[in-house]
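Here's the structure we're looking at; comments come further down.
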Amino acid sequence: MFILSRNFYESPVCLCEMGATWVLANEHIPVLVPPLDYSDVKGVIPLTQGLKINDPLKLNSLKTKIEKLFTIEKPLSFSTWERKRDRILSRIKNSIENQAFSVEEQSSSISPFIEYRGAKFKRKPSGGFEESPYCLKCEGGTFAMNGRMPFVCGSCKSTSGFKGVEITTVLSEVEREFS
Ligand SMILES: [Zn+2]
């Protein structure tokens, strides 16, 4: 069985190992880990017996296949199997989602700023946005002297497109639009 993650698939060493086993073994089952999809490995790996690690029906066929292959005489009852399978599936789902999240975090750390209503907002590494806006032009810190005035850049004196008092509303719009 090959557990094919994106990292695995991008590693020449891993692919080489897989190729060698491919030649020697009769049975090989590629297991895809999303976000890697069948279309990503199409033409490179024969996927007739392939499955996605989070596909409950394919896991059922894998169970049957393994039982046959190893001539297991008293297989797990289907209800027990389903319960265990679903427990694993929910853990897999969590891992996949966390992975997707950390990829997103990495790309946002390249540019943590988003633009909105004449200001920039900075993503926090932990998620969400910092509460005070940044300058649209120079990404400097800003401040509002009072609620009726816009935020002013400490360096270049540019102003935000909204008043100080609107910051709570603007922040929730930013969260909604860009989270
Ligand atoms: Zn500025």
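Lettering and numbering for the structure tokens are positional, with chains as A, B, ... in the shown order, residues counted from 1 in each chain, and ligands counted from 1 in the shown order.
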So which residues are near ligand 1, meaning at most 6 Å away with only C-alpha atoms and all ligand atoms counted, given back as a PyMOL selection string? chain A and resi 135+137-140+153+155-158
Output C-alpha atoms for every residue in that selection, as a short mmCIF file (atom, residue, chain, number, x, y, z; two decimals), in the first residue's frame.
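What follows is the written file again_23.cif:
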```cif
data_model
loop_
_atom_site.label_atom_id
_atom_site.label_comp_id
_atom_site.auth_asym_id
_atom_site.auth_seq_id
_atom_site.Cartn_x
_atom_site.Cartn_y
_atom_site.Cartn_z
CA CYS A 135 -1.82 52.31 6.06
CA LYS A 137 0.04 53.16 0.98
CA CYS A 138 2.99 52.29 3.20
CA GLU A 139 1.65 49.55 5.53
CA GLY A 140 2.59 51.74 8.49
CA CYS A 153 -0.96 56.72 9.12
CA SER A 155 4.39 57.69 8.81
CA CYS A 156 2.83 59.15 5.67
CA LYS A 157 -0.38 60.65 7.15
CA SER A 158 -2.66 58.85 4.67
#
```
Going by DSSP on the backbone, which bits of chain A are strand (DSSP E or B)? Write them as a VMD selection string, please. chain A and resid 2 to 4 30 to 32 51 to 52 113 to 116 119 to 123 129 134 141 to 143 150 to 153 159 to 163
For the selection you just gave me, I'd like the residues written to a file as a PDB file, in the first residue's frame, keeping N, CA and C atoms.
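Final output, saved to out27.pdb:
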```pdb
ATOM      1  N   PHE A   2       0.540   2.167  -0.865  1.00  0.00           N
ATOM      2  CA  PHE A   2       1.241   3.445  -0.889  1.00  0.00           C
ATOM      3  C   PHE A   2       0.318   4.528  -0.389  1.00  0.00           C
ATOM      4  N   ILE A   3       0.795   5.270   0.570  1.00  0.00           N
ATOM      5  CA  ILE A   3       0.016   6.411   1.020  1.00  0.00           C
ATOM      6  C   ILE A   3       0.523   7.624   0.255  1.00  0.00           C
ATOM      7  N   LEU A   4      -0.275   8.050  -0.692  1.00  0.00           N
ATOM      8  CA  LEU A   4       0.167   9.118  -1.593  1.00  0.00           C
ATOM      9  C   LEU A   4      -0.312  10.489  -1.133  1.00  0.00           C
ATOM     10  N   PRO A  30      -2.701   2.019  -4.218  1.00  0.00           N
ATOM     11  CA  PRO A  30      -2.384   3.419  -3.914  1.00  0.00           C
ATOM     12  C   PRO A  30      -3.512   4.050  -3.093  1.00  0.00           C
ATOM     13  N   VAL A  31      -3.124   4.697  -2.002  1.00  0.00           N
ATOM     14  CA  VAL A  31      -4.104   5.380  -1.166  1.00  0.00           C
ATOM     15  C   VAL A  31      -3.838   6.883  -1.243  1.00  0.00           C
ATOM     16  N   LEU A  32      -4.786   7.602  -1.790  1.00  0.00           N
ATOM     17  CA  LEU A  32      -4.593   9.041  -1.994  1.00  0.00           C
ATOM     18  C   LEU A  32      -5.011   9.849  -0.768  1.00  0.00           C
ATOM     19  N   LEU A  51      -7.680   4.138  -3.955  1.00  0.00           N
ATOM     20  CA  LEU A  51      -8.756   4.695  -3.150  1.00  0.00           C
ATOM     21  C   LEU A  51      -8.308   5.970  -2.485  1.00  0.00           C
ATOM     22  N   LYS A  52      -9.292   6.763  -2.098  1.00  0.00           N
ATOM     23  CA  LYS A  52      -8.986   7.942  -1.307  1.00  0.00           C
ATOM     24  C   LYS A  52      -9.146   7.588   0.159  1.00  0.00           C
ATOM     25  N   PHE A 113      -1.240  41.033   4.587  1.00  0.00           N
ATOM     26  CA  PHE A 113      -2.184  42.146   4.496  1.00  0.00           C
ATOM     27  C   PHE A 113      -3.292  41.913   3.476  1.00  0.00           C
ATOM     28  N   ILE A 114      -4.457  42.384   3.803  1.00  0.00           N
ATOM     29  CA  ILE A 114      -5.530  42.465   2.808  1.00  0.00           C
ATOM     30  C   ILE A 114      -5.962  43.939   2.750  1.00  0.00           C
ATOM     31  N   GLU A 115      -6.539  44.313   1.624  1.00  0.00           N
ATOM     32  CA  GLU A 115      -6.991  45.701   1.480  1.00  0.00           C
ATOM     33  C   GLU A 115      -8.493  45.777   1.609  1.00  0.00           C
ATOM     34  N   TYR A 116      -8.945  46.758   2.361  1.00  0.00           N
ATOM     35  CA  TYR A 116     -10.382  46.931   2.489  1.00  0.00           C
ATOM     36  C   TYR A 116     -10.700  48.367   2.894  1.00  0.00           C
ATOM     37  N   ALA A 119      -7.859  50.902   3.642  1.00  0.00           N
ATOM     38  CA  ALA A 119      -6.880  50.569   4.681  1.00  0.00           C
ATOM     39  C   ALA A 119      -6.414  49.139   4.454  1.00  0.00           C
ATOM     40  N   LYS A 120      -5.373  48.772   5.186  1.00  0.00           N
ATOM     41  CA  LYS A 120      -4.946  47.371   5.137  1.00  0.00           C
ATOM     42  C   LYS A 120      -5.168  46.725   6.487  1.00  0.00           C
ATOM     43  N   PHE A 121      -5.466  45.437   6.459  1.00  0.00           N
ATOM     44  CA  PHE A 121      -5.652  44.685   7.695  1.00  0.00           C
ATOM     45  C   PHE A 121      -4.694  43.521   7.689  1.00  0.00           C
ATOM     46  N   LYS A 122      -4.146  43.251   8.855  1.00  0.00           N
ATOM     47  CA  LYS A 122      -3.100  42.233   8.946  1.00  0.00           C
ATOM     48  C   LYS A 122      -3.655  40.961   9.572  1.00  0.00           C
ATOM     49  N   ARG A 123      -3.444  39.857   8.882  1.00  0.00           N
ATOM     50  CA  ARG A 123      -3.843  38.565   9.412  1.00  0.00           C
ATOM     51  C   ARG A 123      -2.982  38.170  10.595  1.00  0.00           C
ATOM     52  N   PHE A 129      -7.978  38.781  12.293  1.00  0.00           N
ATOM     53  CA  PHE A 129      -7.190  39.940  11.903  1.00  0.00           C
ATOM     54  C   PHE A 129      -6.838  40.800  13.108  1.00  0.00           C
ATOM     55  N   TYR A 134      -3.861  49.170   9.083  1.00  0.00           N
ATOM     56  CA  TYR A 134      -2.561  49.664   8.632  1.00  0.00           C
ATOM     57  C   TYR A 134      -2.773  50.583   7.441  1.00  0.00           C
ATOM     58  N   GLY A 141       1.713  51.749  10.745  1.00  0.00           N
ATOM     59  CA  GLY A 141       0.653  51.714  11.744  1.00  0.00           C
ATOM     60  C   GLY A 141      -0.203  52.971  11.688  1.00  0.00           C
ATOM     61  N   THR A 142      -1.470  52.844  12.055  1.00  0.00           N
ATOM     62  CA  THR A 142      -2.371  54.001  12.020  1.00  0.00           C
ATOM     63  C   THR A 142      -2.998  54.224  13.391  1.00  0.00           C
ATOM     64  N   PHE A 143      -3.571  55.402  13.566  1.00  0.00           N
ATOM     65  CA  PHE A 143      -4.304  55.683  14.803  1.00  0.00           C
ATOM     66  C   PHE A 143      -5.465  56.624  14.497  1.00  0.00           C
ATOM     67  N   PRO A 150     -11.067  59.683  10.466  1.00  0.00           N
ATOM     68  CA  PRO A 150     -10.525  58.416   9.955  1.00  0.00           C
ATOM     69  C   PRO A 150      -9.208  58.062  10.654  1.00  0.00           C
ATOM     70  N   PHE A 151      -8.769  56.843  10.456  1.00  0.00           N
ATOM     71  CA  PHE A 151      -7.450  56.438  10.952  1.00  0.00           C
ATOM     72  C   PHE A 151      -6.383  57.139  10.119  1.00  0.00           C
ATOM     73  N   VAL A 152      -5.322  57.592  10.789  1.00  0.00           N
ATOM     74  CA  VAL A 152      -4.251  58.311  10.097  1.00  0.00           C
ATOM     75  C   VAL A 152      -2.957  57.511  10.223  1.00  0.00           C
ATOM     76  N   CYS A 153      -2.235  57.426   9.102  1.00  0.00           N
ATOM     77  CA  CYS A 153      -0.957  56.718   9.121  1.00  0.00           C
ATOM     78  C   CYS A 153       0.082  57.513   9.912  1.00  0.00           C
ATOM     79  N   THR A 159      -5.024  58.618   5.121  1.00  0.00           N
ATOM     80  CA  THR A 159      -6.178  58.326   5.974  1.00  0.00           C
ATOM     81  C   THR A 159      -6.978  57.133   5.453  1.00  0.00           C
ATOM     82  N   SER A 160      -7.646  56.450   6.367  1.00  0.00           N
ATOM     83  CA  SER A 160      -8.471  55.300   6.001  1.00  0.00           C
ATOM     84  C   SER A 160      -9.783  55.783   5.391  1.00  0.00           C
ATOM     85  N   GLY A 161     -10.472  54.887   4.691  1.00  0.00           N
ATOM     86  CA  GLY A 161     -11.730  55.241   4.044  1.00  0.00           C
ATOM     87  C   GLY A 161     -12.933  55.160   4.972  1.00  0.00           C
ATOM     88  N   PHE A 162     -12.672  55.025   6.261  1.00  0.00           N
ATOM     89  CA  PHE A 162     -13.795  54.952   7.214  1.00  0.00           C
ATOM     90  C   PHE A 162     -13.398  55.671   8.499  1.00  0.00           C
ATOM     91  N   LYS A 163     -14.391  56.002   9.303  1.00  0.00           N
ATOM     92  CA  LYS A 163     -14.118  56.723  10.549  1.00  0.00           C
ATOM     93  C   LYS A 163     -13.708  55.778  11.669  1.00  0.00           C
TER      94      LYS A 163
END
```
With distances taken over only C-alpha atoms, which residue among A:Ser111, A:Trp81, A:Ala144, A:Met149 lies nearest Lys124 (chain A)?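 Nearest to Lys124 (chain A): A:Ser111.
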Mind listing the helix (DSSP H, G or I) residues of region 62-167 of chain A, per DSSP on the backbone, as an MDAnalysis selection string? chainID A and resid 62:69 78:110 164:167
Preceding selection exported with C-alpha atoms as a compact mmCIF listing (two decimals), in the first residue's frame:
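Generated output (again.txt):
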```
# COMPACT_ATOMS: atom_id res chain seq x y z
CA LEU A 62 -10.43 -2.52 1.07
CA LYS A 63 -11.69 -4.40 4.13
CA THR A 64 -13.20 -7.11 1.93
CA LYS A 65 -10.08 -7.31 -0.16
CA ILE A 66 -7.79 -7.70 2.84
CA GLU A 67 -10.06 -10.36 4.34
CA LYS A 68 -9.85 -12.35 1.11
CA LEU A 69 -6.15 -11.83 0.61
CA PHE A 78 -20.17 -4.90 9.73
CA SER A 79 -21.58 -2.74 12.50
CA THR A 80 -18.35 -2.90 14.51
CA TRP A 81 -16.35 -2.21 11.39
CA GLU A 82 -18.52 0.80 10.52
CA ARG A 83 -18.18 2.26 13.97
CA LYS A 84 -14.40 1.91 13.93
CA ARG A 85 -14.16 3.07 10.35
CA ASP A 86 -16.14 6.22 11.06
CA ARG A 87 -14.03 7.03 14.10
CA ILE A 88 -10.89 6.84 11.96
CA LEU A 89 -12.56 8.81 9.18
CA SER A 90 -13.34 11.70 11.47
CA ARG A 91 -9.72 11.80 12.63
CA ILE A 92 -8.56 11.72 9.03
CA LYS A 93 -10.99 14.52 8.17
CA ASN A 94 -9.55 16.66 10.98
CA SER A 95 -5.99 16.06 9.86
CA ILE A 96 -6.80 16.94 6.26
CA GLU A 97 -8.54 20.13 7.32
CA ASN A 98 -5.67 21.16 9.61
CA GLN A 99 -3.24 20.52 6.81
CA ALA A 100 -5.26 22.67 4.41
CA PHE A 101 -5.35 25.37 7.07
CA SER A 102 -1.59 25.38 7.58
CA VAL A 103 -1.00 25.63 3.82
CA GLU A 104 -3.29 28.65 3.82
CA GLU A 105 -1.36 30.12 6.71
CA GLN A 106 1.93 29.68 4.92
CA SER A 107 0.73 31.46 1.80
CA SER A 108 -0.78 34.27 3.85
CA SER A 109 2.50 34.76 5.72
CA ILE A 110 4.01 35.84 2.41
CA GLY A 164 -12.59 55.55 13.80
CA VAL A 165 -16.01 54.75 15.21
CA GLU A 166 -16.73 52.38 12.31
CA ILE A 167 -13.79 50.08 13.10
```
